[in-house]
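Shown here: run_30.pdb, PDB, C-alpha atoms.
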ATOM      1  CA  MET A  17     100.700 122.908  24.627
ATOM      2  CA  ARG A  18     103.402 121.752  22.267
ATOM      3  CA  LEU A  19     106.589 123.841  22.242
ATOM      4  CA  SER A  20     108.499 122.226  19.384
ATOM      5  CA  ALA A  21     108.218 123.193  15.736
ATOM      6  CA  ALA A  22     108.287 121.042  12.636
ATOM      7  CA  ARG A  23     111.504 120.993  10.603
ATOM      8  CA  SER A  24     109.781 122.625   7.619
ATOM      9  CA  VAL A  25     108.706 125.502   9.871
ATOM     10  CA  TRP A  26     112.322 126.075  10.967
ATOM     11  CA  VAL A  27     113.482 126.034   7.333
ATOM     12  CA  VAL A  28     110.845 128.568   6.293
ATOM     13  CA  ARG A  29     111.712 130.752   9.292
ATOM     14  CA  ALA A  30     115.368 130.768   8.251
ATOM     15  CA  VAL A  31     114.478 131.496   4.620
ATOM     16  CA  GLY A  32     112.289 134.434   5.669
ATOM     17  CA  LEU A  33     115.023 135.914   7.853
ATOM     18  CA  LEU A  34     117.626 135.476   5.121
ATOM     19  CA  GLY A  35     115.246 137.014   2.585
ATOM     20  CA  LEU A  36     114.959 140.171   4.672
ATOM     21  CA  LEU A  37     118.714 140.407   5.098
ATOM     22  CA  VAL A  38     119.314 139.849   1.382
ATOM     23  CA  GLY A  39     116.701 142.507   0.658
ATOM     24  CA  LEU A  40     118.639 144.982   2.770
ATOM     25  CA  LEU A  41     122.223 143.980   2.011
ATOM     26  CA  ALA A  42     121.958 143.272  -1.736
ATOM     27  CA  GLY A  43     123.429 146.658  -2.601
ATOM     28  CA  ILE A  44     126.706 146.248  -0.695
ATOM     29  CA  PRO A  45     128.720 145.120  -3.761
ATOM     30  CA  GLU A  46     127.668 148.340  -5.495
ATOM     31  CA  GLY A  47     128.417 150.601  -2.535
ATOM     32  CA  TYR A  48     124.968 150.801  -0.921
ATOM     33  CA  THR A  49     125.772 149.858   2.668
ATOM     34  CA  PRO A  50     123.180 150.310   5.420
ATOM     35  CA  SER A  51     124.159 151.448   8.892
ATOM     36  CA  LEU A  52     124.506 148.885  11.664
ATOM     37  CA  ALA A  53     121.389 150.314  13.315
ATOM     38  CA  VAL A  54     119.279 149.605  10.221
ATOM     39  CA  VAL A  55     120.740 146.089   9.966
ATOM     40  CA  ALA A  56     119.938 145.491  13.655
ATOM     41  CA  VAL A  57     116.343 146.701  13.231
ATOM     42  CA  VAL A  58     115.842 144.462  10.186
ATOM     43  CA  LEU A  59     117.462 141.509  11.945
ATOM     44  CA  LEU A  60     115.201 141.936  14.984
ATOM     45  CA  GLY A  61     112.172 142.322  12.729
ATOM     46  CA  GLY A  62     113.174 139.176  10.872
ATOM     47  CA  VAL A  63     113.404 137.212  14.108
ATOM     48  CA  LEU A  64     110.001 138.592  15.120
ATOM     49  CA  GLY A  65     108.632 137.546  11.729
ATOM     50  CA  ALA A  66     110.032 134.050  12.131
ATOM     51  CA  PHE A  67     108.020 133.493  15.286
ATOM     52  CA  ARG A  68     105.071 135.904  14.872
ATOM     53  CA  PRO A  69     104.511 136.263  11.096
ATOM     54  CA  ASP A  70     101.204 138.132  11.507
ATOM     55  CA  HIS A  71     102.652 140.830  13.764
ATOM     56  CA  LEU A  72     102.550 144.434  12.546
ATOM     57  CA  GLY A  73     106.282 144.697  13.235
ATOM     58  CA  VAL A  74     106.956 142.361  10.318
ATOM     59  CA  SER A  75     105.223 144.723   7.890
ATOM     60  CA  MET A  76     107.142 147.598   9.434
ATOM     61  CA  THR A  77     110.406 145.691   8.910
ATOM     62  CA  LEU A  78     109.623 145.216   5.218
ATOM     63  CA  ALA A  79     108.827 148.936   5.087
ATOM     64  CA  VAL A  80     112.189 149.780   6.711
ATOM     65  CA  VAL A  81     113.983 147.913   3.927
ATOM     66  CA  LEU A  82     111.906 149.608   1.221
ATOM     67  CA  VAL A  83     112.363 153.076   2.716
ATOM     68  CA  TRP A  84     116.112 152.506   3.107
ATOM     69  CA  TRP A  85     116.393 151.625  -0.589
ATOM     70  CA  ALA A  86     114.198 154.567  -1.606
ATOM     71  CA  ILE A  87     116.360 157.002   0.377
ATOM     72  CA  LYS A  88     119.675 155.615  -0.841
ATOM     73  CA  LEU A  89     118.905 155.260  -4.534
ATOM     74  CA  HIS A  90     117.659 158.709  -5.488
ATOM     75  CA  THR A  91     117.405 158.199  -9.267
ATOM     76  CA  GLN A  92     119.774 155.249  -9.749
ATOM     77  CA  VAL A  93     118.552 151.681 -10.215
ATOM     78  CA  PRO A  94     121.518 149.343  -9.667
ATOM     79  CA  ALA A  95     121.421 145.624 -10.376
ATOM     80  CA  GLY A  96     121.367 144.967  -6.627
ATOM     81  CA  THR A  97     117.749 146.065  -6.584
ATOM     82  CA  LEU A  98     116.849 142.831  -8.392
ATOM     83  CA  ALA A  99     118.369 140.758  -5.589
ATOM     84  CA  ALA A 100     116.713 143.033  -3.030
ATOM     85  CA  ALA A 101     113.332 142.495  -4.686
ATOM     86  CA  ALA A 102     113.916 138.735  -4.641
ATOM     87  CA  GLY A 103     114.798 138.881  -0.952
ATOM     88  CA  LEU A 104     111.713 140.902  -0.057
ATOM     89  CA  VAL A 105     109.383 138.652  -2.043
ATOM     90  CA  THR A 106     110.999 135.607  -0.420
ATOM     91  CA  ALA A 107     110.530 137.075   3.050
ATOM     92  CA  HIS A 108     106.902 137.870   2.291
ATOM     93  CA  VAL A 109     106.203 134.376   0.931
ATOM     94  CA  ALA A 110     107.903 132.824   3.975
ATOM     95  CA  GLY A 111     105.732 134.916   6.283
ATOM     96  CA  THR A 112     102.636 133.851   4.386
ATOM     97  CA  LEU A 113     103.605 130.193   4.704
ATOM     98  CA  LEU A 114     104.293 130.567   8.422
ATOM     99  CA  SER A 115     100.921 132.186   9.023
ATOM    100  CA  TYR A 116      98.991 129.221   7.602
ATOM    101  CA  GLY A 117      98.975 127.049  10.669
ATOM    102  CA  PRO A 118     100.257 126.308  14.140
ATOM    103  CA  ARG A 119     104.025 126.219  14.487
ATOM    104  CA  PHE A 120     104.161 122.518  15.351
ATOM    105  CA  MET A 121     102.387 121.516  12.129
ATOM    106  CA  PRO A 122     104.639 120.801   9.127
ATOM    107  CA  ILE A 123     104.149 122.998   6.078
ATOM    108  CA  PRO A 124     102.989 120.775   3.189
ATOM    109  CA  ALA A 125     105.340 120.669   0.196
ATOM    110  CA  GLU A 126     102.507 121.405  -2.251
ATOM    111  CA  VAL A 127     101.689 124.623  -0.378
ATOM    112  CA  VAL A 128     105.356 125.634  -0.493
ATOM    113  CA  ARG A 129     105.467 124.950  -4.250
ATOM    114  CA  LEU A 130     102.269 126.923  -4.826
ATOM    115  CA  TRP A 131     103.593 129.980  -2.993
ATOM    116  CA  ALA A 132     107.063 129.660  -4.496
ATOM    117  CA  VAL A 133     105.557 129.858  -7.982
ATOM    118  CA  ARG A 134     103.392 132.810  -6.973
ATOM    119  CA  GLY A 135     106.407 134.583  -5.495
ATOM    120  CA  LEU A 136     108.442 133.977  -8.645
ATOM    121  CA  LEU A 137     105.658 135.339 -10.830
ATOM    122  CA  VAL A 138     105.401 138.469  -8.678
ATOM    123  CA  TRP A 139     109.201 138.903  -8.693
ATOM    124  CA  LEU A 140     109.184 138.866 -12.517
ATOM    125  CA  ALA A 141     107.901 142.445 -12.335
ATOM    126  CA  ALA A 142     111.279 143.517 -10.902
ATOM    127  CA  PRO A 143     113.389 142.840 -14.021
ATOM    128  CA  VAL A 144     110.783 144.586 -16.157
ATOM    129  CA  VAL A 145     110.887 147.718 -14.013
ATOM    130  CA  TRP A 146     114.683 147.540 -13.759
ATOM    131  CA  PHE A 147     115.013 147.313 -17.552
ATOM    132  CA  VAL A 148     112.609 150.202 -18.147
ATOM    133  CA  ALA A 149     114.425 152.313 -15.551
ATOM    134  CA  ARG A 150     117.788 151.599 -17.217
ATOM    135  CA  VAL A 151     116.505 152.399 -20.703
ATOM    136  CA  TYR A 152     114.823 155.621 -19.636
ATOM    137  CA  ALA A 153     117.416 156.655 -17.049
ATOM    138  CA  ASP A 154     117.747 160.230 -18.286
ATOM    139  CA  HIS A 155     114.328 160.554 -19.897
ATOM    140  CA  ALA A 156     111.895 160.038 -17.023
ATOM    141  CA  THR A 157     111.363 161.237 -13.482
ATOM    142  CA  PRO A 158     111.613 159.094 -10.336
ATOM    143  CA  THR A 159     107.823 159.342 -10.074
ATOM    144  CA  SER A 160     107.595 157.515 -13.387
ATOM    145  CA  TYR A 161     109.641 154.661 -11.934
ATOM    146  CA  TRP A 162     107.347 154.340  -8.943
ATOM    147  CA  LEU A 163     104.295 154.287 -11.208
ATOM    148  CA  ALA A 164     105.922 151.746 -13.522
ATOM    149  CA  GLY A 165     106.857 149.617 -10.519
ATOM    150  CA  LEU A 166     103.363 149.755  -9.077
ATOM    151  CA  THR A 167     101.851 148.849 -12.444
ATOM    152  CA  ALA A 168     104.261 145.963 -12.951
ATOM    153  CA  ALA A 169     103.672 144.661  -9.422
ATOM    154  CA  LEU A 170      99.912 144.776  -9.871
ATOM    155  CA  MET A 171     100.206 142.997 -13.212
ATOM    156  CA  GLY A 172     102.438 140.371 -11.599
ATOM    157  CA  ALA A 173      99.954 139.846  -8.785
ATOM    158  CA  VAL A 174      97.076 139.447 -11.234
ATOM    159  CA  VAL A 175      99.058 137.007 -13.390
ATOM    160  CA  ALA A 176     100.083 135.035 -10.295
ATOM    161  CA  ALA A 177      96.466 134.849  -9.138
ATOM    162  CA  VAL A 178      95.196 133.760 -12.550
ATOM    163  CA  VAL A 179      97.957 131.317 -13.488
ATOM    164  CA  VAL A 180      98.321 129.579 -10.154
ATOM    165  CA  PRO A 181      95.039 128.180  -8.812
ATOM    166  CA  THR A 182      94.097 128.731  -5.201
ATOM    167  CA  ARG A 183      92.972 125.119  -4.726
ATOM    168  CA  GLY A 184      94.159 121.795  -5.952
ATOM    169  CA  GLY A 185      92.219 120.053  -8.704
ATOM    170  CA  ASP A 186      88.971 118.643  -7.291
TER
END
Representation of the structure as structure tokens:
Amino acid sequence: MRLSAARSVWVVRAVGLLGLLVGLLAGIPEGYTPSLAVVAVVLLGGVLGAFRPDHLGVSMTLAVVLVWWAIKLHTQVPAGTLAAAAGLVTAHVAGTLLSYGPRFMPIPAEVVRLWAVRGLLVWLAAPVVWFVARVYADHATPTSYWLAGLTAALMGAVVAAVVVPTRGGD
């Protein structure tokens, strides 16, 4: 059994952990500061995700960040939510990359590029939802924002799946 990990695996682990922390802490400049307990839970979940990306605790950690934002925001949609969305998408993409193979095997650069493009295309839903929420701030209900966000995320996922092929050219 080999105990070491490839350098690319360590880089992706660090990126995933940082993505989770950015997802949680992106609102600090605008006054949305999580408690130390929430930061500790997310940090522990990020470490778990770095070494066991398929563990249920990783999904729960992403959910902790999402629920924290949902509780704190009420009806506001600050610019920090864009950075938070980028952090969460980055953490998810990193977890996907880590789950592809054994930890000692390097992650191929073409696979990283493929998933980076997919992640970017999915993240593009965030500015659309943010813009719509800003424009209709006093004209819609929070439920409308959730529905708009879900629609935009689904559209982003479909576009990412169609635009970026799942296999290299044969």
Handout entry: Expected selection from the PyMOL selection byres ((chain A and resi 169-177) around 12), given as a PyMOL selection string
Key = chain A and resi 101+105+130-145+161-168+178-183
Selection to disk with C-alpha atoms, as a PDB file, in the frame of the given file:
ATOM      1  CA  ALA A 101     113.332 142.495  -4.686  1.00  0.00           C
ATOM      2  CA  VAL A 105     109.383 138.652  -2.043  1.00  0.00           C
ATOM      3  CA  LEU A 130     102.269 126.923  -4.826  1.00  0.00           C
ATOM      4  CA  TRP A 131     103.593 129.980  -2.993  1.00  0.00           C
ATOM      5  CA  ALA A 132     107.063 129.660  -4.496  1.00  0.00           C
ATOM      6  CA  VAL A 133     105.557 129.858  -7.982  1.00  0.00           C
ATOM      7  CA  ARG A 134     103.392 132.810  -6.973  1.00  0.00           C
ATOM      8  CA  GLY A 135     106.407 134.583  -5.495  1.00  0.00           C
ATOM      9  CA  LEU A 136     108.442 133.977  -8.645  1.00  0.00           C
ATOM     10  CA  LEU A 137     105.658 135.339 -10.830  1.00  0.00           C
ATOM     11  CA  VAL A 138     105.401 138.469  -8.678  1.00  0.00           C
ATOM     12  CA  TRP A 139     109.201 138.903  -8.693  1.00  0.00           C
ATOM     13  CA  LEU A 140     109.184 138.866 -12.517  1.00  0.00           C
ATOM     14  CA  ALA A 141     107.901 142.445 -12.335  1.00  0.00           C
ATOM     15  CA  ALA A 142     111.279 143.517 -10.902  1.00  0.00           C
ATOM     16  CA  PRO A 143     113.389 142.840 -14.021  1.00  0.00           C
ATOM     17  CA  VAL A 144     110.783 144.586 -16.157  1.00  0.00           C
ATOM     18  CA  VAL A 145     110.887 147.718 -14.013  1.00  0.00           C
ATOM     19  CA  TYR A 161     109.641 154.661 -11.934  1.00  0.00           C
ATOM     20  CA  TRP A 162     107.347 154.340  -8.943  1.00  0.00           C
ATOM     21  CA  LEU A 163     104.295 154.287 -11.208  1.00  0.00           C
ATOM     22  CA  ALA A 164     105.922 151.746 -13.522  1.00  0.00           C
ATOM     23  CA  GLY A 165     106.857 149.617 -10.519  1.00  0.00           C
ATOM     24  CA  LEU A 166     103.363 149.755  -9.077  1.00  0.00           C
ATOM     25  CA  THR A 167     101.851 148.849 -12.444  1.00  0.00           C
ATOM     26  CA  ALA A 168     104.261 145.963 -12.951  1.00  0.00           C
ATOM     27  CA  VAL A 178      95.196 133.760 -12.550  1.00  0.00           C
ATOM     28  CA  VAL A 179      97.957 131.317 -13.488  1.00  0.00           C
ATOM     29  CA  VAL A 180      98.321 129.579 -10.154  1.00  0.00           C
ATOM     30  CA  PRO A 181      95.039 128.180  -8.812  1.00  0.00           C
ATOM     31  CA  THR A 182      94.097 128.731  -5.201  1.00  0.00           C
ATOM     32  CA  ARG A 183      92.972 125.119  -4.726  1.00  0.00           C
TER      33      ARG A 183
END
Exercise for the section: Tell me which of A:Thr77, A:Thr106, A:Thr97, A:Gln92 sits closest to A:Arg29, counting only C-alpha atoms. Expected result: A:Thr106
Exercise for the section: Find the residues around A:Leu64 up to 12 Å (all atoms listed in the file counted), leave out those fewer than 6 positions away in its own chain, and share them as a ChimeraX atom specification. Expected result: /A:29-30,32-33,36,57-58,70-78,111,114
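Using only C-alpha atoms for every distance, the candidate list A:Val63, A:Gly43, A:Arg68, A:Trp146 yields A:Val63 as the residue closest to A:Val31.
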I'd like to see the residues matched by the PyMOL selection byres ((chain A and resi 86) around 12) on this file, and ideally I'd get them as a tab-separated table (two decimals) with C-alpha atoms, in the frame of the given file.
chain	number	residue	atom	x	y	z
A	40	LEU	CA	118.64	144.98	2.77
A	48	TYR	CA	124.97	150.80	-0.92
A	79	ALA	CA	108.83	148.94	5.09
A	80	VAL	CA	112.19	149.78	6.71
A	81	VAL	CA	113.98	147.91	3.93
A	82	LEU	CA	111.91	149.61	1.22
A	83	VAL	CA	112.36	153.08	2.72
A	84	TRP	CA	116.11	152.51	3.11
A	85	TRP	CA	116.39	151.62	-0.59
A	87	ILE	CA	116.36	157.00	0.38
A	88	LYS	CA	119.68	155.62	-0.84
A	89	LEU	CA	118.90	155.26	-4.53
A	90	HIS	CA	117.66	158.71	-5.49
A	91	THR	CA	117.40	158.20	-9.27
A	92	GLN	CA	119.77	155.25	-9.75
A	93	VAL	CA	118.55	151.68	-10.22
A	97	THR	CA	117.75	146.06	-6.58
A	100	ALA	CA	116.71	143.03	-3.03
A	158	PRO	CA	111.61	159.09	-10.34
A	159	THR	CA	107.82	159.34	-10.07
A	161	TYR	CA	109.64	154.66	-11.93
A	162	TRP	CA	107.35	154.34	-8.94
Determine the residue set returned by the PyMOL selection byres ((chain A and resi 116) around 12) for the present structure, and present it as an mmCIF file with C-alpha atoms, in the frame of the given file.
data_model
loop_
_atom_site.group_PDB
_atom_site.id
_atom_site.type_symbol
_atom_site.label_atom_id
_atom_site.label_comp_id
_atom_site.auth_asym_id
_atom_site.auth_seq_id
_atom_site.Cartn_x
_atom_site.Cartn_y
_atom_site.Cartn_z
ATOM 1 C CA VAL A 25 108.706 125.502 9.871
ATOM 2 C CA VAL A 28 110.845 128.568 6.293
ATOM 3 C CA ARG A 68 105.071 135.904 14.872
ATOM 4 C CA PRO A 69 104.511 136.263 11.096
ATOM 5 C CA ASP A 70 101.204 138.132 11.507
ATOM 6 C CA VAL A 109 106.203 134.376 0.931
ATOM 7 C CA ALA A 110 107.903 132.824 3.975
ATOM 8 C CA GLY A 111 105.732 134.916 6.283
ATOM 9 C CA THR A 112 102.636 133.851 4.386
ATOM 10 C CA LEU A 113 103.605 130.193 4.704
ATOM 11 C CA LEU A 114 104.293 130.567 8.422
ATOM 12 C CA SER A 115 100.921 132.186 9.023
ATOM 13 C CA GLY A 117 98.975 127.049 10.669
ATOM 14 C CA PRO A 118 100.257 126.308 14.140
ATOM 15 C CA ARG A 119 104.025 126.219 14.487
ATOM 16 C CA PHE A 120 104.161 122.518 15.351
ATOM 17 C CA MET A 121 102.387 121.516 12.129
ATOM 18 C CA PRO A 122 104.639 120.801 9.127
ATOM 19 C CA ILE A 123 104.149 122.998 6.078
ATOM 20 C CA PRO A 124 102.989 120.775 3.189
ATOM 21 C CA VAL A 127 101.689 124.623 -0.378
ATOM 22 C CA VAL A 128 105.356 125.634 -0.493
ATOM 23 C CA TRP A 131 103.593 129.980 -2.993
#
Fill in the blank from the handout: Residue with the minimum atom-to-atom distance to A:Phe67, picked from A:Ser20, A:Glu126, A:Ala95, A:Arg150 with all atoms listed in the file counted, is A:Ser20
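Taking atom CA of A:Ala56 as the reference point, atom CA of A:Ala22 is found at 27.1 Å.
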Practice task
Kindly give the distance, in Å, that separates atom CA of A:Leu60 and atom CA of A:Gly103, rounded to a single decimal.
Solution key: 16.2 Å
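Closest approach to A:Ala149 among A:Pro94, A:Gly62, A:Leu104, A:Leu37: A:Pro94, based on all atoms listed in the file.
With all atoms listed in the file as the atoms that count, the residue of A:Ala125, A:Leu98, A:Leu34, A:Val151 with the shortest distance to A:Gly65 is A:Leu34.
Using only C-alpha atoms, the shortest contact distance between A:Ala102 and any of A:Leu41, A:Ala153, A:Ala66, A:Val55 is found at A:Leu41.
Atom CA of A:Arg129 sits 12.8 Å away from atom CA of A:Ser24.
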